Amino acid sequence: MKIPQLKTKDFLTLADYSKEDIINLFEYSAQLKREVKKGKFSKVLENKTLAMIFEKNSTRTRVSFETGMLQLGGHALFLSSNEIQLGRGETIADTARVLSRYNDGIMIRTFGHEKVTELAKWASIPVINGLTDSYHPCQALADYFTIYEREKDITKIKLTYIGDGNNVANSLLIGAAILGCDIAVATPKKFEPEYTVVEKAYKLAARSSSKITITNNIDEAVAGADYLYTDVWVSMGQEKETAKKKKIFEKFRIDDKLIRKTGKDAKVLHCLPAHRGEEITDEVMDGKNSIVFDQAENRLHCQKAVMCALMGR
């Protein structure tokens, strides 16, 4: 299979792509995954470098991008917030232009989404959004690929997200609306996904026939779900809210009882890291319904596909 061609220079949000674009990335991810299983690696990015900016740390993001670049024949450079003066001692525009002279791509994991868009504006090389407070497109791509591997028709499934209406929930909404599958998001009151993202998802869903449900009623959300998804209640940077959020979210937990309420043998996803005993029980995390670690592995394959599509041109 040829490397997918994306219509954008950068990978900032799934909203920039069509269903065909995303399916092409899935198919290429599957090819790359098969190669890894056989111990073979396509050196698509031989001698190319990826600058990785981490203003928010992450085990999976760093390891999967570094490993992916190595397998593709390239090299990744880790730049922590202590080693780079992005937007502080040096402007974002200057950082983008300097890194563009040294590297073939930039991956950034940061706070405000506007920082990623500003970096992409000034960079002459591809910029990949590794996470912002508003979006996590690499995660959502891997999540839907994990479902796609198991389904003959992804439009026939219902995904239910339970917990905080955070960046993961936002990207899952966008992804479902583009791919045409149904999604329900159940959160406590005042913790719903961003209004502008929900509006965007509804507009996209009008074209794909995806059914979107935003609710505070867990039972309504999980009824008929094929897949259940959760994330930590307290995201990085919200540590001061831990005690408060634990109390508010205590009923928004995936356990065996909740799986039974779907009326199906629903599979369970979690983007990790998991706070076991809070948003998900040990029994579910380690049980027969969990596909969490397949999902974690797929970050590697999907991000390799994105890097090839952007940097292998």
# chains A, B, ... in the order shown; residues from 1 in each chain; ligands from 1
call {"tool": "residues_around", "arguments": {"residues": "segment 90-106 of chain A", "least_positions_apart": "6", "cutoff": "8 Å", "atoms": "only C-alpha atoms", "output": "list in words"}}
result
Lys48, Thr49, Leu50, Ala51, Met52, Ile53, Lys115, Glu118, Leu119, Ala120, Lys121, Trp122, Ala123, Ser124, Ile125, Pro126, Val127, Ile128 and Met311 of chain A
call {"tool": "closest_atom_pairs", "arguments": {"of": "segment 78-157 of chain A", "to": "segment 230-251 of chain A", "cutoff": "12 Å", "atoms": "only C-alpha atoms", "output": "JSON lines"}}
result
{"residue": "A:Arg109", "atom": "CA", "partner": "A:Met236", "partner_atom": "CA", "distance": 11.7}
{"residue": "A:Thr110", "atom": "CA", "partner": "A:Met236", "partner_atom": "CA", "distance": 10.5}
{"residue": "A:Phe111", "atom": "CA", "partner": "A:Gly237", "partner_atom": "CA", "distance": 8.9}
{"residue": "A:Gly112", "atom": "CA", "partner": "A:Gly237", "partner_atom": "CA", "distance": 11.8}
{"residue": "A:Leu131", "atom": "CA", "partner": "A:Met236", "partner_atom": "CA", "distance": 11.3}
{"residue": "A:Thr132", "atom": "CA", "partner": "A:Met236", "partner_atom": "CA", "distance": 10.8}
{"residue": "A:Asp133", "atom": "CA", "partner": "A:Ser235", "partner_atom": "CA", "distance": 9.2}
{"residue": "A:Ser134", "atom": "CA", "partner": "A:Ser235", "partner_atom": "CA", "distance": 11.9}
{"residue": "A:Gln139", "atom": "CA", "partner": "A:Asp231", "partner_atom": "CA", "distance": 11.6}
{"residue": "A:Asp143", "atom": "CA", "partner": "A:Thr230", "partner_atom": "CA", "distance": 11.6}
call {"tool": "closest_residue", "arguments": {"among": "A:Val197, A:Ile157, A:Ala177, A:Ala225", "to": "Ser210 of chain A", "atoms": "only C-alpha atoms"}}
result
A:Ala177
call {"tool": "residues_around", "arguments": {"residues": "Lys158 of chain A", "least_positions_apart": "4", "cutoff": "6 Å", "atoms": "only C-alpha atoms", "output": "ChimeraX atom specification"}}
result
/A:182-183,225-226
call {"tool": "residues_around", "arguments": {"residues": "Glu149 of chain A", "least_positions_apart": "6", "cutoff": "12 Å", "atoms": "only C-alpha atoms", "output": "MDAnalysis selection string"}}
result
chainID A and resid 23 26:27 29:31 33 142:143 291 294:295 298
call {"tool": "write_last_selection", "arguments": {"atoms": "C-alpha atoms", "output": "PDB file, in the first residue's frame"}}
result
ATOM      1  CA  ILE A  23      -9.647   5.003   6.854  1.00  0.00           C
ATOM      2  CA  PHE A  26      -6.102   2.922   9.433  1.00  0.00           C
ATOM      3  CA  GLU A  27      -5.201   0.694   6.499  1.00  0.00           C
ATOM      4  CA  SER A  29      -1.399   1.529  10.239  1.00  0.00           C
ATOM      5  CA  ALA A  30      -2.535  -2.073   9.799  1.00  0.00           C
ATOM      6  CA  GLN A  31       0.186  -2.638   7.204  1.00  0.00           C
ATOM      7  CA  LYS A  33       1.559  -3.282  12.357  1.00  0.00           C
ATOM      8  CA  ALA A 142      -5.460   4.890  17.752  1.00  0.00           C
ATOM      9  CA  ASP A 143      -8.724   4.399  19.639  1.00  0.00           C
ATOM     10  CA  ILE A 291      -8.709  -4.064  25.056  1.00  0.00           C
ATOM     11  CA  ASP A 294      -4.109  -3.396  22.375  1.00  0.00           C
ATOM     12  CA  GLN A 295      -5.218   0.231  22.260  1.00  0.00           C
ATOM     13  CA  ASN A 298      -1.833   0.940  18.456  1.00  0.00           C
TER      14      ASN A 298
END
call {"tool": "decode", "arguments": {"residues": "segment 192-225 of chain A", "atoms": "N, CA, C and O atoms", "output": "PDB file, in the first residue's frame"}}
result
ATOM      1  N   GLU A 192     -19.088  18.782  31.012  1.00  0.00           N
ATOM      2  CA  GLU A 192     -19.346  18.352  29.646  1.00  0.00           C
ATOM      3  C   GLU A 192     -18.201  18.778  28.720  1.00  0.00           C
ATOM      4  O   GLU A 192     -17.421  19.671  29.056  1.00  0.00           O
ATOM      5  N   PRO A 193     -18.085  18.154  27.544  1.00  0.00           N
ATOM      6  CA  PRO A 193     -17.061  18.566  26.577  1.00  0.00           C
ATOM      7  C   PRO A 193     -17.243  20.028  26.167  1.00  0.00           C
ATOM      8  O   PRO A 193     -18.324  20.607  26.356  1.00  0.00           O
ATOM      9  N   GLU A 194     -16.195  20.617  25.594  1.00  0.00           N
ATOM     10  CA  GLU A 194     -16.249  22.019  25.189  1.00  0.00           C
ATOM     11  C   GLU A 194     -17.407  22.266  24.226  1.00  0.00           C
ATOM     12  O   GLU A 194     -17.604  21.511  23.274  1.00  0.00           O
ATOM     13  N   TYR A 195     -18.126  23.343  24.458  1.00  0.00           N
ATOM     14  CA  TYR A 195     -19.310  23.660  23.657  1.00  0.00           C
ATOM     15  C   TYR A 195     -18.975  23.787  22.172  1.00  0.00           C
ATOM     16  O   TYR A 195     -19.691  23.270  21.312  1.00  0.00           O
ATOM     17  N   THR A 196     -17.871  24.468  21.865  1.00  0.00           N
ATOM     18  CA  THR A 196     -17.519  24.681  20.462  1.00  0.00           C
ATOM     19  C   THR A 196     -17.193  23.364  19.770  1.00  0.00           C
ATOM     20  O   THR A 196     -17.486  23.182  18.587  1.00  0.00           O
ATOM     21  N   VAL A 197     -16.593  22.425  20.508  1.00  0.00           N
ATOM     22  CA  VAL A 197     -16.279  21.114  19.943  1.00  0.00           C
ATOM     23  C   VAL A 197     -17.555  20.322  19.693  1.00  0.00           C
ATOM     24  O   VAL A 197     -17.715  19.677  18.656  1.00  0.00           O
ATOM     25  N   VAL A 198     -18.484  20.374  20.643  1.00  0.00           N
ATOM     26  CA  VAL A 198     -19.763  19.672  20.480  1.00  0.00           C
ATOM     27  C   VAL A 198     -20.518  20.214  19.272  1.00  0.00           C
ATOM     28  O   VAL A 198     -21.063  19.447  18.467  1.00  0.00           O
ATOM     29  N   GLU A 199     -20.524  21.525  19.107  1.00  0.00           N
ATOM     30  CA  GLU A 199     -21.191  22.134  17.952  1.00  0.00           C
ATOM     31  C   GLU A 199     -20.544  21.671  16.650  1.00  0.00           C
ATOM     32  O   GLU A 199     -21.237  21.365  15.673  1.00  0.00           O
ATOM     33  N   LYS A 200     -19.230  21.617  16.630  1.00  0.00           N
ATOM     34  CA  LYS A 200     -18.514  21.155  15.440  1.00  0.00           C
ATOM     35  C   LYS A 200     -18.859  19.694  15.147  1.00  0.00           C
ATOM     36  O   LYS A 200     -19.067  19.307  13.994  1.00  0.00           O
ATOM     37  N   ALA A 201     -18.929  18.887  16.204  1.00  0.00           N
ATOM     38  CA  ALA A 201     -19.248  17.467  16.037  1.00  0.00           C
ATOM     39  C   ALA A 201     -20.660  17.283  15.486  1.00  0.00           C
ATOM     40  O   ALA A 201     -20.880  16.435  14.610  1.00  0.00           O
ATOM     41  N   TYR A 202     -21.607  18.064  15.967  1.00  0.00           N
ATOM     42  CA  TYR A 202     -22.982  17.969  15.465  1.00  0.00           C
ATOM     43  C   TYR A 202     -23.048  18.305  13.973  1.00  0.00           C
ATOM     44  O   TYR A 202     -23.773  17.665  13.206  1.00  0.00           O
ATOM     45  N   LYS A 203     -22.289  19.292  13.560  1.00  0.00           N
ATOM     46  CA  LYS A 203     -22.282  19.676  12.147  1.00  0.00           C
ATOM     47  C   LYS A 203     -21.703  18.564  11.277  1.00  0.00           C
ATOM     48  O   LYS A 203     -22.220  18.249  10.210  1.00  0.00           O
ATOM     49  N   LEU A 204     -20.615  17.961  11.747  1.00  0.00           N
ATOM     50  CA  LEU A 204     -20.010  16.851  11.014  1.00  0.00           C
ATOM     51  C   LEU A 204     -20.931  15.642  10.999  1.00  0.00           C
ATOM     52  O   LEU A 204     -21.042  14.927   9.992  1.00  0.00           O
ATOM     53  N   ALA A 205     -21.619  15.403  12.111  1.00  0.00           N
ATOM     54  CA  ALA A 205     -22.512  14.251  12.224  1.00  0.00           C
ATOM     55  C   ALA A 205     -23.712  14.355  11.299  1.00  0.00           C
ATOM     56  O   ALA A 205     -24.272  13.338  10.875  1.00  0.00           O
ATOM     57  N   ALA A 206     -24.100  15.577  10.976  1.00  0.00           N
ATOM     58  CA  ALA A 206     -25.239  15.769  10.080  1.00  0.00           C
ATOM     59  C   ALA A 206     -24.954  15.183   8.695  1.00  0.00           C
ATOM     60  O   ALA A 206     -25.868  14.788   7.974  1.00  0.00           O
ATOM     61  N   ARG A 207     -23.676  15.121   8.337  1.00  0.00           N
ATOM     62  CA  ARG A 207     -23.287  14.566   7.030  1.00  0.00           C
ATOM     63  C   ARG A 207     -23.036  13.062   7.085  1.00  0.00           C
ATOM     64  O   ARG A 207     -23.148  12.381   6.076  1.00  0.00           O
ATOM     65  N   SER A 208     -22.663  12.566   8.253  1.00  0.00           N
ATOM     66  CA  SER A 208     -22.292  11.145   8.359  1.00  0.00           C
ATOM     67  C   SER A 208     -23.375  10.268   8.971  1.00  0.00           C
ATOM     68  O   SER A 208     -23.238   9.047   9.001  1.00  0.00           O
ATOM     69  N   SER A 209     -24.452  10.892   9.492  1.00  0.00           N
ATOM     70  CA  SER A 209     -25.543  10.181  10.170  1.00  0.00           C
ATOM     71  C   SER A 209     -25.116   9.599  11.517  1.00  0.00           C
ATOM     72  O   SER A 209     -25.757   8.682  12.040  1.00  0.00           O
ATOM     73  N   SER A 210     -24.049  10.114  12.084  1.00  0.00           N
ATOM     74  CA  SER A 210     -23.642   9.722  13.433  1.00  0.00           C
ATOM     75  C   SER A 210     -24.623  10.302  14.447  1.00  0.00           C
ATOM     76  O   SER A 210     -25.057  11.443  14.323  1.00  0.00           O
ATOM     77  N   LYS A 211     -24.971   9.509  15.446  1.00  0.00           N
ATOM     78  CA  LYS A 211     -25.849   9.992  16.508  1.00  0.00           C
ATOM     79  C   LYS A 211     -24.989  10.370  17.712  1.00  0.00           C
ATOM     80  O   LYS A 211     -24.251   9.545  18.239  1.00  0.00           O
ATOM     81  N   ILE A 212     -25.102  11.613  18.138  1.00  0.00           N
ATOM     82  CA  ILE A 212     -24.311  12.111  19.261  1.00  0.00           C
ATOM     83  C   ILE A 212     -25.227  12.390  20.448  1.00  0.00           C
ATOM     84  O   ILE A 212     -26.260  13.048  20.314  1.00  0.00           O
ATOM     85  N   THR A 213     -24.826  11.883  21.616  1.00  0.00           N
ATOM     86  CA  THR A 213     -25.578  12.101  22.849  1.00  0.00           C
ATOM     87  C   THR A 213     -24.643  12.656  23.912  1.00  0.00           C
ATOM     88  O   THR A 213     -23.610  12.048  24.208  1.00  0.00           O
ATOM     89  N   ILE A 214     -24.984  13.806  24.452  1.00  0.00           N
ATOM     90  CA  ILE A 214     -24.251  14.395  25.572  1.00  0.00           C
ATOM     91  C   ILE A 214     -25.212  14.386  26.760  1.00  0.00           C
ATOM     92  O   ILE A 214     -26.291  14.979  26.700  1.00  0.00           O
ATOM     93  N   THR A 215     -24.844  13.706  27.840  1.00  0.00           N
ATOM     94  CA  THR A 215     -25.780  13.518  28.938  1.00  0.00           C
ATOM     95  C   THR A 215     -25.051  13.445  30.273  1.00  0.00           C
ATOM     96  O   THR A 215     -23.838  13.216  30.324  1.00  0.00           O
ATOM     97  N   ASN A 216     -25.799  13.631  31.353  1.00  0.00           N
ATOM     98  CA  ASN A 216     -25.289  13.415  32.706  1.00  0.00           C
ATOM     99  C   ASN A 216     -25.816  12.101  33.279  1.00  0.00           C
ATOM    100  O   ASN A 216     -25.516  11.753  34.418  1.00  0.00           O
ATOM    101  N   ASN A 217     -26.593  11.377  32.451  1.00  0.00           N
ATOM    102  CA  ASN A 217     -27.216  10.122  32.866  1.00  0.00           C
ATOM    103  C   ASN A 217     -26.394   8.944  32.345  1.00  0.00           C
ATOM    104  O   ASN A 217     -26.403   8.667  31.151  1.00  0.00           O
ATOM    105  N   ILE A 218     -25.719   8.262  33.248  1.00  0.00           N
ATOM    106  CA  ILE A 218     -24.840   7.171  32.840  1.00  0.00           C
ATOM    107  C   ILE A 218     -25.615   6.026  32.209  1.00  0.00           C
ATOM    108  O   ILE A 218     -25.207   5.471  31.185  1.00  0.00           O
ATOM    109  N   ASP A 219     -26.752   5.654  32.803  1.00  0.00           N
ATOM    110  CA  ASP A 219     -27.538   4.527  32.291  1.00  0.00           C
ATOM    111  C   ASP A 219     -28.006   4.783  30.864  1.00  0.00           C
ATOM    112  O   ASP A 219     -27.983   3.880  30.015  1.00  0.00           O
ATOM    113  N   GLU A 220     -28.422   6.011  30.596  1.00  0.00           N
ATOM    114  CA  GLU A 220     -28.831   6.375  29.237  1.00  0.00           C
ATOM    115  C   GLU A 220     -27.665   6.240  28.267  1.00  0.00           C
ATOM    116  O   GLU A 220     -27.814   5.745  27.146  1.00  0.00           O
ATOM    117  N   ALA A 221     -26.500   6.663  28.710  1.00  0.00           N
ATOM    118  CA  ALA A 221     -25.334   6.662  27.831  1.00  0.00           C
ATOM    119  C   ALA A 221     -24.854   5.259  27.488  1.00  0.00           C
ATOM    120  O   ALA A 221     -24.455   4.986  26.353  1.00  0.00           O
ATOM    121  N   VAL A 222     -24.878   4.342  28.456  1.00  0.00           N
ATOM    122  CA  VAL A 222     -24.293   3.018  28.226  1.00  0.00           C
ATOM    123  C   VAL A 222     -25.249   2.038  27.568  1.00  0.00           C
ATOM    124  O   VAL A 222     -24.804   1.004  27.043  1.00  0.00           O
ATOM    125  N   ALA A 223     -26.535   2.322  27.553  1.00  0.00           N
ATOM    126  CA  ALA A 223     -27.507   1.388  26.976  1.00  0.00           C
ATOM    127  C   ALA A 223     -27.176   1.108  25.510  1.00  0.00           C
ATOM    128  O   ALA A 223     -27.084   2.018  24.700  1.00  0.00           O
ATOM    129  N   GLY A 224     -26.948  -0.168  25.198  1.00  0.00           N
ATOM    130  CA  GLY A 224     -26.675  -0.563  23.816  1.00  0.00           C
ATOM    131  C   GLY A 224     -25.262  -0.291  23.336  1.00  0.00           C
ATOM    132  O   GLY A 224     -24.969  -0.467  22.145  1.00  0.00           O
ATOM    133  N   ALA A 225     -24.378   0.108  24.239  1.00  0.00           N
ATOM    134  CA  ALA A 225     -23.001   0.433  23.828  1.00  0.00           C
ATOM    135  C   ALA A 225     -22.213  -0.832  23.502  1.00  0.00           C
ATOM    136  O   ALA A 225     -22.291  -1.836  24.211  1.00  0.00           O
TER     137      ALA A 225
END
